[in-house]
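Raw entry.txt, compact mmCIF, C-alpha atoms:
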# COMPACT_ATOMS: atom_id res chain seq x y z
CA MET S 724 -2.70 0.10 22.65
CA ASN S 725 -3.88 0.00 19.00
CA ILE S 726 -2.18 3.35 18.28
CA LEU S 727 1.06 2.18 19.92
CA LEU S 728 1.01 -1.08 17.94
CA THR S 729 0.38 0.85 14.70
CA ILE S 730 3.34 3.14 15.41
CA LEU S 731 5.67 0.25 16.31
CA ILE S 732 4.82 -1.79 13.18
CA PHE S 733 5.17 1.33 11.01
CA LEU S 734 8.57 2.22 12.50
CA PHE S 735 9.82 -1.36 12.18
CA THR S 736 8.78 -1.46 8.52
CA LEU S 737 10.19 1.95 7.72
CA ILE S 738 13.54 1.22 9.37
CA ILE S 739 13.90 -1.96 7.28
CA LEU S 740 13.09 -0.15 4.02
CA VAL S 741 15.34 2.82 4.74
CA ALA S 742 18.20 0.58 5.93
CA VAL S 743 18.04 -1.53 2.75
CA HIS S 744 17.94 1.60 0.57
CA GLU S 745 20.93 3.20 2.26
CA CYS S 746 22.82 -0.12 2.33
CA GLY S 747 22.55 -0.12 -1.46
CA HIS S 748 24.27 3.27 -1.68
CA PHE S 749 26.81 2.28 1.00
CA TRP S 750 27.81 -1.06 -0.50
CA VAL S 751 28.32 0.24 -4.04
CA ALA S 752 30.14 3.35 -2.79
CA ARG S 753 32.60 1.12 -0.92
CA LYS S 754 33.02 -1.12 -3.99
CA MET S 755 33.79 1.97 -6.07
CA GLY S 756 36.50 3.02 -3.61
CA VAL S 757 34.60 5.97 -2.12
CA ARG S 758 35.18 6.73 1.57
CA VAL S 759 31.90 6.76 3.50
CA LEU S 760 31.96 9.26 6.37
CA ARG S 761 28.55 8.51 7.87
CA PHE S 762 25.84 5.86 7.45
CA ALA S 763 22.64 7.11 9.10
CA ILE S 764 19.17 5.62 9.57
CA GLY S 765 16.71 8.41 10.26
CA MET S 766 17.19 12.17 10.25
CA GLY S 767 18.21 14.71 12.89
CA SER S 768 20.82 14.56 15.64
CA PRO S 769 21.95 10.97 16.35
CA ILE S 770 20.52 9.25 19.42
CA PHE S 771 23.07 6.47 19.05
CA LYS S 772 26.31 6.27 17.06
CA PHE S 773 29.64 4.52 16.89
CA ILE S 774 32.77 4.59 14.71
CA GLY S 775 33.75 1.50 12.75
CA LYS S 776 37.22 0.26 13.75
CA LYS S 777 38.38 -0.64 10.23
CA ASP S 778 36.53 1.76 7.91
CA LYS S 779 36.32 4.72 10.35
CA THR S 780 32.73 5.27 9.17
CA GLU S 781 30.32 6.76 11.69
CA TYR S 782 27.17 4.63 12.01
CA ALA S 783 24.22 6.57 13.44
CA LEU S 784 20.59 6.02 14.42
CA CYS S 785 18.58 9.25 14.32
CA PRO S 786 15.15 10.05 15.85
CA ILE S 787 13.16 11.05 12.74
CA PRO S 788 12.53 7.80 10.83
CA LEU S 789 11.39 9.42 7.56
CA GLY S 790 14.59 8.74 5.68
CA GLY S 791 18.31 8.21 6.04
CA TYR S 792 21.53 9.09 4.25
CA VAL S 793 25.05 8.02 3.33
CA LYS S 794 27.55 10.88 3.61
CA MET S 795 30.53 10.38 1.34
CA LEU S 796 33.86 12.16 1.09
CA GLY S 797 33.79 14.79 -1.65
CA GLU S 798 30.03 14.93 -2.22
CA ASP S 799 30.43 18.69 -2.49
CA SER S 800 32.30 19.17 -5.77
CA GLY S 801 33.75 22.46 -4.45
CA GLU S 802 35.35 20.79 -1.44
CA LYS S 803 39.17 21.13 -1.40
CA LEU S 804 40.85 17.76 -0.94
CA SER S 805 44.40 16.48 -0.91
CA LYS S 806 45.54 14.24 -3.77
CA LYS S 807 45.38 11.26 -1.42
CA ASP S 808 41.78 12.04 -0.43
CA GLN S 809 40.77 12.68 -4.05
CA LYS S 810 41.27 8.96 -4.74
CA GLU S 811 38.45 8.21 -2.28
CA SER S 812 36.29 11.21 -3.20
CA PHE S 813 32.81 10.77 -4.68
CA SER S 814 33.08 13.85 -6.90
CA HIS S 815 36.40 12.67 -8.33
CA LYS S 816 35.01 9.30 -9.47
CA SER S 817 33.88 8.77 -13.05
CA VAL S 818 30.34 9.78 -13.95
CA TRP S 819 29.43 6.10 -14.43
CA ALA S 820 30.69 5.25 -10.93
CA ARG S 821 28.54 8.07 -9.50
CA ILE S 822 25.54 6.83 -11.49
CA ALA S 823 26.09 3.33 -10.06
CA ILE S 824 26.30 4.63 -6.47
CA VAL S 825 23.19 6.84 -6.73
CA SER S 826 21.06 4.21 -8.48
CA ALA S 827 22.06 1.49 -5.98
CA GLY S 828 19.56 2.68 -3.35
CA PRO S 829 16.41 2.30 -5.49
CA ILE S 830 17.79 -0.94 -6.97
CA ALA S 831 18.20 -2.31 -3.44
CA ASN S 832 14.52 -1.57 -2.80
CA PHE S 833 13.56 -3.48 -5.95
CA ILE S 834 15.71 -6.44 -4.90
CA LEU S 835 14.10 -6.42 -1.44
CA ALA S 836 10.64 -6.38 -3.02
CA ILE S 837 11.50 -9.37 -5.23
CA PHE S 838 12.89 -11.31 -2.27
CA VAL S 839 9.88 -10.54 -0.06
CA LEU S 840 7.42 -11.50 -2.82
CA TRP S 841 9.39 -14.72 -3.45
CA LEU S 842 9.10 -15.56 0.26
CA MET S 843 5.40 -14.69 0.23
CA TYR S 844 4.63 -17.02 -2.68
CA PHE S 845 6.83 -19.78 -1.26
CA ILE S 846 5.17 -19.87 2.18
CA GLY S 847 1.77 -19.22 0.60
CA ILE S 848 -0.52 -16.20 0.35
CA SER S 849 -4.06 -16.40 1.65
CA GLY S 850 -7.12 -14.64 0.31
CA ILE S 851 -10.84 -14.76 -0.32
CA LYS S 852 -12.20 -16.61 -3.35
CA PRO S 853 -13.50 -14.06 -5.93
CA ILE S 854 -17.18 -14.96 -5.87
CA ILE S 855 -19.45 -12.14 -7.06
CA GLY S 856 -22.19 -10.90 -4.74
CA ASP S 857 -24.97 -8.52 -5.76
CA ILE S 858 -24.70 -6.73 -9.11
CA ALA S 859 -25.69 -3.05 -9.09
CA ILE S 860 -28.08 -2.05 -11.87
CA ASN S 861 -27.00 0.29 -14.68
CA THR S 862 -23.32 -0.60 -14.23
CA PRO S 863 -20.76 -2.28 -16.55
CA ALA S 864 -21.17 -5.59 -14.68
CA TYR S 865 -24.98 -5.41 -15.05
CA SER S 866 -24.73 -4.61 -18.77
CA ALA S 867 -22.28 -7.49 -19.27
CA LYS S 868 -24.81 -9.87 -17.65
CA LEU S 869 -22.58 -11.07 -14.84
CA GLN S 870 -24.54 -12.83 -12.11
CA SER S 871 -24.40 -13.19 -8.37
CA GLU S 872 -22.37 -16.25 -7.26
CA ASP S 873 -20.26 -16.25 -10.47
CA THR S 874 -16.67 -17.16 -9.54
CA ILE S 875 -14.05 -15.05 -11.36
CA THR S 876 -11.19 -17.22 -12.68
CA HIS S 877 -9.39 -14.95 -15.19
CA ILE S 878 -9.01 -11.24 -15.99
CA ASN S 879 -7.90 -10.76 -19.60
CA ASN S 880 -6.67 -14.37 -19.66
CA LYS S 881 -4.58 -13.90 -16.49
CA LYS S 882 -5.50 -16.38 -13.77
CA THR S 883 -6.72 -15.09 -10.43
CA HIS S 884 -7.39 -16.92 -7.17
CA SER S 885 -8.43 -14.17 -4.78
CA TRP S 886 -10.21 -10.83 -4.59
CA SER S 887 -6.93 -8.98 -4.00
CA SER S 888 -5.32 -10.29 -7.20
CA THR S 889 -8.61 -9.82 -9.09
CA GLN S 890 -8.83 -6.17 -8.10
CA LEU S 891 -5.19 -5.56 -9.04
CA LEU S 892 -5.67 -7.16 -12.48
CA ILE S 893 -8.86 -5.15 -13.09
CA LEU S 894 -7.11 -1.90 -12.15
CA GLU S 895 -4.17 -2.79 -14.39
CA GLN S 896 -6.50 -3.35 -17.35
CA ALA S 897 -8.58 -0.22 -16.62
CA LEU S 898 -5.41 1.89 -16.87
CA LYS S 899 -4.80 0.82 -20.46
CA SER S 900 -8.21 -0.03 -21.95
CA ASP S 901 -11.93 0.70 -21.64
CA LYS S 902 -12.74 -3.00 -21.98
CA ILE S 903 -12.12 -5.72 -19.40
CA LYS S 904 -12.52 -9.42 -20.24
CA ILE S 905 -13.71 -11.45 -17.26
CA THR S 906 -13.89 -15.25 -17.27
CA VAL S 907 -16.17 -16.84 -14.69
CA ASP S 908 -17.31 -20.25 -13.54
CA ARG S 909 -21.10 -20.31 -13.30
CA LYS S 910 -23.02 -22.93 -11.34
CA ASN S 911 -23.87 -26.00 -13.42
CA GLU S 912 -22.39 -24.39 -16.54
CA GLN S 913 -19.06 -24.23 -18.36
CA SER S 914 -16.68 -21.27 -18.03
CA GLN S 915 -17.99 -18.15 -19.71
CA GLU S 916 -16.36 -14.91 -20.85
CA PHE S 917 -17.87 -11.44 -20.47
CA ILE S 918 -16.68 -8.02 -21.63
CA LEU S 919 -17.11 -5.11 -19.25
CA GLU S 920 -17.13 -1.79 -21.07
CA ILE S 921 -16.02 1.20 -19.03
CA LYS S 922 -18.12 4.09 -20.32
CA ASN S 923 -17.04 6.47 -17.55
CA LYS S 924 -13.71 7.86 -18.81
CA ASP S 925 -13.04 9.41 -15.41
CA ILE S 926 -13.30 6.10 -13.53
CA LEU S 927 -9.87 6.61 -11.93
CA LYS S 928 -10.90 10.05 -10.72
CA GLU S 929 -13.73 8.56 -8.72
CA SER S 930 -13.03 7.89 -5.05
CA GLN S 931 -15.05 4.66 -5.00
CA ASN S 932 -13.44 1.23 -5.05
CA ILE S 933 -12.95 0.10 -8.67
CA LEU S 934 -15.13 -2.98 -8.07
CA GLN S 935 -17.96 -0.78 -6.82
CA GLN S 936 -17.70 1.42 -9.90
CA LEU S 937 -18.04 -1.66 -12.11
CA GLY S 938 -21.08 -2.73 -10.09
CA ILE S 939 -19.44 -5.76 -8.47
CA SER S 940 -19.74 -6.62 -4.79
CA VAL S 941 -18.11 -9.40 -2.79
CA TRP S 942 -20.34 -12.38 -2.10
CA MET S 943 -20.98 -13.06 1.56
CA PRO S 944 -22.59 -16.14 3.10
CA LYS S 945 -25.83 -15.68 5.01
CA ILE S 946 -24.72 -15.30 8.64
CA LYS S 947 -26.73 -14.31 11.68
CA ALA S 948 -25.93 -11.03 13.41
CA ILE S 949 -24.04 -12.61 16.31
CA ILE S 950 -21.45 -10.33 17.90
CA GLY S 951 -17.89 -11.62 18.14
CA GLU S 952 -15.32 -9.22 19.55
CA VAL S 953 -16.33 -5.84 20.99
CA SER S 954 -13.55 -3.26 20.70
CA GLU S 955 -12.49 -1.49 23.88
CA ASN S 956 -14.00 2.01 24.33
CA SER S 957 -16.04 1.59 21.13
CA PRO S 958 -19.67 2.79 20.83
CA ALA S 959 -20.80 -0.83 21.25
CA ALA S 960 -18.75 -1.27 24.44
CA ILE S 961 -19.99 2.03 25.87
CA GLY S 962 -23.58 1.02 25.04
CA GLY S 963 -23.23 -2.26 26.93
CA MET S 964 -23.01 -4.73 24.03
CA LEU S 965 -21.23 -8.00 24.79
CA SER S 966 -19.62 -10.77 22.81
CA GLY S 967 -22.23 -13.43 22.01
CA ASP S 968 -25.17 -11.00 21.76
CA THR S 969 -27.49 -11.65 18.81
CA VAL S 970 -28.93 -8.49 17.26
CA ILE S 971 -32.62 -9.02 16.47
CA LYS S 972 -33.92 -5.46 15.93
CA ILE S 973 -32.60 -1.96 15.27
CA ASN S 974 -35.10 0.90 15.64
CA GLU S 975 -37.92 -1.65 15.30
CA VAL S 976 -36.47 -2.99 12.02
CA LYS S 977 -36.10 -6.77 12.15
CA ILE S 978 -32.53 -8.03 11.70
CA ASP S 979 -31.99 -11.49 10.22
CA LEU S 980 -28.44 -11.30 8.87
CA TRP S 981 -25.12 -9.65 9.72
CA GLN S 982 -25.35 -7.68 6.45
CA ASP S 983 -28.71 -6.20 7.54
CA MET S 984 -27.15 -4.93 10.75
CA THR S 985 -24.03 -3.42 9.19
CA LYS S 986 -26.08 -1.61 6.54
CA ILE S 987 -28.17 0.20 9.18
CA ILE S 988 -25.10 0.97 11.33
CA GLN S 989 -23.20 2.41 8.36
CA ASN S 990 -26.17 4.51 7.25
CA ASN S 991 -26.58 6.16 10.67
CA PRO S 992 -23.27 7.79 11.67
CA GLY S 993 -23.62 9.84 14.84
CA GLN S 994 -27.30 8.90 15.29
CA GLU S 995 -28.47 7.12 18.45
CA LEU S 996 -29.93 3.71 17.66
CA SER S 997 -32.18 1.48 19.74
CA ILE S 998 -30.66 -1.99 19.34
CA MET S 999 -32.49 -5.03 20.67
CA VAL S 1000 -30.29 -8.03 21.41
CA GLN S 1001 -30.83 -11.54 22.68
CA ARG S 1002 -28.39 -12.40 25.45
CA ASN S 1003 -28.64 -16.02 26.49
CA LYS S 1004 -32.43 -16.29 26.98
CA ASN S 1005 -32.98 -12.63 27.85
CA ILE S 1006 -33.97 -9.72 25.59
CA LYS S 1007 -32.21 -6.39 26.20
CA THR S 1008 -32.49 -3.01 24.50
CA LEU S 1009 -29.29 -0.98 24.15
CA LYS S 1010 -28.78 2.64 23.14
CA ILE S 1011 -25.74 2.93 20.86
CA THR S 1012 -24.52 5.85 18.73
CA PRO S 1013 -22.31 4.68 15.82
CA LYS S 1014 -19.02 6.55 15.54
CA ILE S 1015 -18.64 8.83 12.52
CA HIS S 1016 -16.02 7.42 10.15
CA THR S 1017 -14.89 9.08 6.91
CA THR S 1018 -13.94 6.86 3.97
CA LYS S 1019 -12.66 8.01 0.58
CA ASP S 1020 -16.12 8.71 -0.81
CA LYS S 1021 -18.58 9.01 2.09
CA ILE S 1022 -19.24 9.20 5.81
CA ILE S 1023 -20.38 5.97 7.49
CA GLY S 1024 -21.16 4.77 10.99
CA ARG S 1025 -19.10 2.21 12.91
CA MET S 1026 -20.05 0.43 16.11
CA GLY S 1027 -16.77 -1.33 16.92
CA VAL S 1028 -17.73 -5.00 16.70
CA SER S 1029 -16.62 -8.00 14.68
CA ILE S 1030 -18.54 -10.98 13.42
CA ALA S 1031 -18.65 -14.08 15.61
CA THR S 1032 -16.59 -17.05 14.49
CA GLY S 1033 -17.51 -20.66 15.01
CA ALA S 1034 -19.94 -21.27 12.19
CA ASN S 1035 -16.96 -21.64 9.82
CA LYS S 1036 -19.06 -20.36 6.96
CA PHE S 1037 -16.07 -18.51 5.55
CA ASP S 1038 -13.89 -21.63 5.34
CA ASN S 1039 -15.03 -22.49 1.81
CA LEU S 1040 -14.24 -18.93 0.71
CA ARG S 1041 -10.63 -18.97 1.89
CA VAL S 1042 -7.89 -19.85 -0.58
CA LYS S 1043 -4.13 -20.16 -0.21
CA GLU S 1044 -1.64 -20.06 -3.06
CA SER S 1045 1.82 -21.52 -2.58
CA TYR S 1046 4.50 -22.44 -5.12
CA SER S 1047 7.88 -24.16 -5.43
CA MET S 1048 11.08 -22.16 -4.90
CA VAL S 1049 11.61 -21.71 -8.66
CA ASP S 1050 7.97 -20.92 -9.45
CA SER S 1051 7.89 -18.50 -6.51
CA LEU S 1052 10.77 -16.56 -8.04
CA THR S 1053 8.99 -16.43 -11.40
CA MET S 1054 5.81 -15.22 -9.68
CA ALA S 1055 7.79 -12.63 -7.69
CA LEU S 1056 9.44 -11.21 -10.80
CA ASP S 1057 6.11 -11.11 -12.62
CA LYS S 1058 4.39 -9.39 -9.68
CA THR S 1059 7.25 -6.87 -9.36
CA TYR S 1060 6.89 -5.99 -13.05
CA GLN S 1061 3.10 -5.74 -12.71
CA LEU S 1062 3.22 -3.48 -9.64
CA THR S 1063 6.00 -1.31 -11.11
CA THR S 1064 4.21 -0.68 -14.40
CA LEU S 1065 0.94 -0.12 -12.55
CA THR S 1066 2.60 2.47 -10.29
CA PHE S 1067 4.16 4.35 -13.22
CA LYS S 1068 0.85 4.35 -15.09
CA MET S 1069 -0.97 5.65 -12.01
CA LEU S 1070 1.68 8.36 -11.57
CA GLY S 1071 1.14 9.35 -15.19
CA LYS S 1072 -2.61 9.56 -14.61
CA LEU S 1073 -2.06 11.70 -11.49
CA ILE S 1074 0.26 14.09 -13.35
CA THR S 1075 -2.15 14.48 -16.29
CA GLY S 1076 -5.15 14.90 -14.00
CA ASN S 1077 -6.80 11.62 -15.01
CA ALA S 1078 -6.67 10.12 -11.51
CA ASP S 1079 -7.95 11.42 -8.19
CA LEU S 1080 -5.31 13.18 -6.05
CA LYS S 1081 -7.02 11.61 -3.03
CA ASN S 1082 -5.13 8.42 -3.96
CA VAL S 1083 -1.90 10.04 -2.70
CA SER S 1084 -1.18 8.70 0.79
CA GLY S 1085 1.22 9.83 3.49
CA PRO S 1086 2.87 8.24 6.53
CA ILE S 1087 -0.33 8.15 8.62
CA THR S 1088 -2.24 6.06 6.06
CA ILE S 1089 0.83 3.88 5.44
CA ALA S 1090 1.13 3.29 9.19
CA VAL S 1091 -2.52 2.21 9.39
CA TYR S 1092 -2.09 -0.17 6.43
CA ALA S 1093 1.09 -1.56 8.00
CA LYS S 1094 -0.78 -2.50 11.15
CA GLN S 1095 -3.82 -3.84 9.25
CA SER S 1096 -1.66 -6.03 6.99
CA ALA S 1097 0.26 -7.39 9.99
CA MET S 1098 -3.02 -8.25 11.72
CA MET S 1099 -4.25 -10.06 8.59
CA GLY S 1100 -1.26 -12.39 8.61
CA PHE S 1101 2.43 -12.63 7.81
CA ASP S 1102 1.77 -13.17 4.09
CA HIS S 1103 -0.27 -9.96 3.81
CA TYR S 1104 2.40 -8.04 5.71
CA LEU S 1105 5.05 -9.32 3.29
CA PHE S 1106 3.01 -8.06 0.34
CA PHE S 1107 2.65 -4.68 2.04
CA VAL S 1108 6.43 -4.46 2.63
CA ALA S 1109 7.09 -5.36 -1.03
CA LEU S 1110 4.59 -2.75 -2.24
CA ILE S 1111 6.05 0.04 -0.10
CA SER S 1112 9.62 -0.97 -1.00
CA LEU S 1113 8.75 -0.75 -4.70
CA SER S 1114 7.02 2.58 -4.16
CA LEU S 1115 10.10 3.91 -2.34
CA GLY S 1116 12.36 2.73 -5.15
CA ILE S 1117 10.13 4.25 -7.85
CA LEU S 1118 9.72 7.54 -5.96
CA ASN S 1119 13.49 7.90 -5.64
CA LEU S 1120 13.98 7.27 -9.37
CA LEU S 1121 11.75 10.19 -10.37
CA PRO S 1122 13.83 12.91 -12.10
CA VAL S 1123 13.26 15.39 -9.27
CA PRO S 1124 16.36 17.17 -7.91
CA ILE S 1125 17.14 16.26 -4.24
CA LEU S 1126 15.91 12.70 -4.99
CA ASP S 1127 18.22 9.99 -6.35
CA GLY S 1128 16.48 10.32 -9.72
CA GLY S 1129 17.33 14.02 -9.85
CA HIS S 1130 21.04 13.29 -9.26
CA LEU S 1131 20.88 10.57 -11.92
CA MET S 1132 19.39 13.07 -14.36
CA PHE S 1133 22.29 15.49 -13.78
CA TYR S 1134 24.89 12.72 -14.14
CA ILE S 1135 23.33 11.37 -17.33
CA ILE S 1136 23.36 14.90 -18.78
CA GLU S 1137 27.02 15.12 -17.75
CA ALA S 1138 27.78 11.80 -19.47
CA ILE S 1139 26.11 13.00 -22.69
CA LYS S 1140 27.59 16.50 -22.88
CA GLY S 1141 30.97 15.61 -21.39
CA SER S 1142 30.91 18.21 -18.61
CA PRO S 1143 29.02 18.59 -15.31
CA VAL S 1144 25.78 20.54 -15.02
CA SER S 1145 26.60 24.01 -13.69
CA ASP S 1146 26.28 24.66 -9.96
CA LYS S 1147 23.74 27.39 -10.73
CA MET S 1148 21.46 24.98 -12.63
CA GLN S 1149 21.82 22.36 -9.87
CA ILE S 1150 20.80 24.92 -7.21
CA ILE S 1151 17.76 25.98 -9.28
CA GLY S 1152 16.87 22.32 -9.76
CA GLN S 1153 17.14 21.64 -6.03
CA LYS S 1154 14.82 24.55 -5.23
CA ILE S 1155 12.26 23.23 -7.72
CA GLY S 1156 12.69 19.74 -6.25
CA ILE S 1157 12.11 20.99 -2.70
CA LEU S 1158 8.97 22.82 -3.88
CA LEU S 1159 7.59 19.75 -5.68
CA LEU S 1160 8.43 17.34 -2.88
CA GLY S 1161 7.10 19.74 -0.24
CA SER S 1162 3.82 20.12 -2.15
CA LEU S 1163 3.52 16.35 -2.46
CA MET S 1164 4.10 15.88 1.28
CA ILE S 1165 1.50 18.55 2.14
CA LEU S 1166 -1.03 16.83 -0.13
CA ALA S 1167 -0.23 13.43 1.38
CA PHE S 1168 -0.58 14.70 4.95
CA TYR S 1169 -3.82 16.50 4.03
CA ASN S 1170 -5.29 13.29 2.58
CA ASP S 1171 -4.17 11.38 5.67
CA ILE S 1172 -5.89 13.86 8.01
CA VAL S 1173 -9.11 13.84 5.95
CA ARG S 1174 -9.21 10.02 6.21
CA LEU S 1175 -8.93 10.05 10.02
Would it be possible to restate this file's structure as structure tokens?
Amino acid sequence: MNILLTILIFLFTLIILVAVHECGHFWVARKMGVRVLRFAIGMGSPIFKFIGKKDKTEYALCPIPLGGYVKMLGEDSGEKLSKKDQKESFSHKSVWARIAIVSAGPIANFILAIFVLWLMYFIGISGIKPIIGDIAINTPAYSAKLQSEDTITHINNKKTHSWSSTQLLILEQALKSDKIKITVDRKNEQSQEFILEIKNKDILKESQNILQQLGISVWMPKIKAIIGEVSENSPAAIGGMLSGDTVIKINEVKIDLWQDMTKIIQNNPGQELSIMVQRNKNIKTLKITPKIHTTKDKIIGRMGVSIATGANKFDNLRVKESYSMVDSLTMALDKTYQLTTLTFKMLGKLITGNADLKNVSGPITIAVYAKQSAMMGFDHYLFFVALISLSLGILNLLPVPILDGGHLMFYIIEAIKGSPVSDKMQIIGQKIGILLLGSLMILAFYNDIVRL
């Protein structure tokens, strides 16, 4: 059921993003007087299609959802056309008209991202208040003298309300400087500023979370190890654990808090554990073997349980930001700029070898994140859609032949030199583009499989 839900949410998201991208090409092509022969969502042989009565365009839905296309009359410059057809031919339009048509797809993705972010800020985005937990010794946070239970309010004078925005601002600053200014509210004291110095120049090559590398953990309230939901067919379910059980011992080690339990579970992947639980007034001992789970940087154990609700100890940690219609638009534009520049900087780091290639994700990881964001709430799903839409727009703008950016590169060269790039050079460019894009897809799929 979980796999099916993941696939459905992923397909729904991808169809929206691809449709918006192709609609951009389609709409501008029509405005420029180009005849559109086919508008397709997906790749491969159509599973459903129909012909428009007025425009005679074939609209098709294809089975492979990893893309789409708009087929226009005269895309092949060598195609022989009558004088009447030449008026509606893509290749016979001015170079600036062709630039407008090709760039319209990525621009549509940027517009979608802005709209989705505007909606997200208007309805309100939820998060967890950025209160610092334990500080790891011999780390930038330890050297800066940050303390547990400090509440982060600003990163380099930019206000932050949640851990998600805090992490994004820290990453943004780490990409351009080895110093990060953090402003915190400390109990019974005024706001204080601290400078975190990043001495590890390869911090972006590390697979750890950026907060972990700085020595910062998320503060958690002290909560008893009471089991909430037990996932179907999980190690906990197979071992006989039930919702409402209170874990009191694991391998004779006394358990007081939820954090104590999760630490032992994570440190024992694939190892059978003797877990003593209190069920109503009875004591039971269960044999459970945590499932082996691979993260970016290590292998951990997972039991398949969630924390019990009811104590409402997380209520004071939850925050929700919402803004007026005008302020939401300002926030959306600012966030779009922030995410776009961050993406380009990260791409630059990847190309120069200053960031870990493990950060490249493919459709499997994206599908998992799509489902996770949807489960976290509509606001988180909106942010995910905006992020992927921006990524799709940026990817297509890269000057790689076979992508929109590659076509733009050829047309800009044509506009400068006054004549088209030769067919021979375009074919060579396309071969290089296929090689680069194929290599990127192989890397992305490899990273996806390793994460499973």
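Summary of the local environment: counting only C-alpha atoms, residues at most 12 Å from S:Lys816, other than itself and those fewer than 2 positions away along its chain, are Ala752, Lys754, Met755, Gly756, Val757, Arg758, Met795, Leu796, Gly797, Glu798, Ser800, Asp808, Gln809, Lys810, Glu811, Ser812, Phe813, Ser814, Val818, Trp819, Ala820, Arg821, Ile822, Ala823, Ile824 and Tyr1134 of chain S.
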Tell me, counting all atoms listed in the file, for each residue of stretch 1004-1053 of chain S within 8 Å of stretch 846-865 of chain S, which pair of atoms is nearest and how far apart they are in Å to one decimal, in rows ordered by chain and increasing number, as CSV.
residue,atom,partner,partner_atom,distance
S:Leu1040,CA,S:Lys852,CA,5.1
S:Arg1041,CA,S:Ile851,CA,4.8
S:Val1042,CA,S:Gly850,CA,5.3
S:Lys1043,CA,S:Ser849,CA,4.2
S:Glu1044,CA,S:Gly847,CA,5.1
S:Ser1045,CA,S:Gly847,CA,3.9
S:Tyr1046,CA,S:Gly847,CA,7.1
When you look at S:Ile830 with a cut-off of 9 Å (counting all atoms listed in the file), what residues show up, excluding the ones that are within fewer than 3 positions of it in the same chain? I need them as an NGL selection string.
:S and (744 or 747 or 826-827 or 833-835 or 1116)
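Between S:Gly1129 and the residues S:Leu996, S:Ala959, S:Val825, S:Lys922, the shortest atom-to-atom distance, using all atoms listed in the file, involves S:Val825.
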Which of S:Asp1057, S:Ser866, S:Leu934, S:His1130 sits closest to S:Lys881 [using all atoms listed in the file]
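Smallest separation from S:Lys881 among the options: S:Asp1057.
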Can you tell me how far atom CA of S:Gly1161 sits from atom CA of S:Leu760, in Å to one decimal?
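Distance reported for this atom pair: 27.8 Å.
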Shortest interatomic distance to S:Asp1127 - which of S:Gly963, S:Gly1156, S:Pro788, S:Gly1024, counting all atoms listed in the file
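Ranked by minimum distance to S:Asp1127, first place goes to S:Gly1156.
Closest approach to S:Gly828 from the set S:Leu731, S:Leu840, S:Cys785, S:Leu1126 is made by S:Leu1126, with distances taken over only C-alpha atoms.
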Residue neighbourhood stretch 770-780 of chain S, 9 Å, only C-alpha atoms, exclusion window fewer than 3 positions, as a ChimeraX atom specification:
/S:758-763,767,783-786
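Nearest-residue note for S:Lys1058: choosing from S:Ile961, S:Leu1110, S:Met1132, S:Val793, the minimum distance belongs to S:Leu1110, counting all atoms listed in the file.
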Which one is closest to S:Ile1117: S:Gln989, S:Thr1066, S:Gln982, S:Gln1153? Count all atoms listed in the file.
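For S:Ile1117, the nearest of the given residues is S:Thr1066.
One distance worth recording is that between atom CA of S:Ile878 and atom CA of S:Leu1056, which is 19.2 Å.
Across the structure, atom CA of S:Ala831 and atom CA of S:Val751 are spaced 10.5 Å apart.
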What lies within 9 Å of S:Ile738 using all atoms listed in the file, ignoring chain neighbours under 5 positions off, as a PDB file with C-alpha atoms, in the frame of the given file?
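part_25.pdb, written as the output of this step:
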ATOM      1  CA  PHE S 733       5.170   1.330  11.010  1.00  0.00           C
ATOM      2  CA  VAL S 743      18.040  -1.530   2.750  1.00  0.00           C
ATOM      3  CA  ILE S 764      19.170   5.620   9.570  1.00  0.00           C
ATOM      4  CA  GLY S 765      16.710   8.410  10.260  1.00  0.00           C
ATOM      5  CA  PRO S 788      12.530   7.800  10.830  1.00  0.00           C
ATOM      6  CA  LEU S 789      11.390   9.420   7.560  1.00  0.00           C
ATOM      7  CA  GLY S 790      14.590   8.740   5.680  1.00  0.00           C
TER       8      GLY S 790
END
Show which residues sit within 6 Å of S:Ala948, as a list of chain:residue names. Count only C-alpha atoms, and ignore same-chain residues fewer than 5 positions away.
S:Thr969, S:Val970, S:Leu980, S:Trp981
Give me stretch 959-972 of chain S from this structure - C-alpha atoms, as a PDB file, in the first residue's frame.
ATOM      1  CA  ALA S 959       8.187  -4.585  15.566  1.00  0.00           C
ATOM      2  CA  ALA S 960       4.935  -6.043  14.208  1.00  0.00           C
ATOM      3  CA  ILE S 961       6.574  -9.395  13.470  1.00  0.00           C
ATOM      4  CA  GLY S 962       8.049  -9.433  16.993  1.00  0.00           C
ATOM      5  CA  GLY S 963       4.636  -8.886  18.575  1.00  0.00           C
ATOM      6  CA  MET S 964       4.920  -5.237  19.652  1.00  0.00           C
ATOM      7  CA  LEU S 965       1.626  -3.371  19.996  1.00  0.00           C
ATOM      8  CA  SER S 966       0.517   0.234  20.104  1.00  0.00           C
ATOM      9  CA  GLY S 967       0.531   1.437  23.717  1.00  0.00           C
ATOM     10  CA  ASP S 968       3.469  -0.741  24.827  1.00  0.00           C
ATOM     11  CA  THR S 969       6.011   1.057  27.025  1.00  0.00           C
ATOM     12  CA  VAL S 970       9.602  -0.041  26.432  1.00  0.00           C
ATOM     13  CA  ILE S 971      11.400  -0.404  29.773  1.00  0.00           C
ATOM     14  CA  LYS S 972      14.516  -2.436  28.883  1.00  0.00           C
TER      15      LYS S 972
END
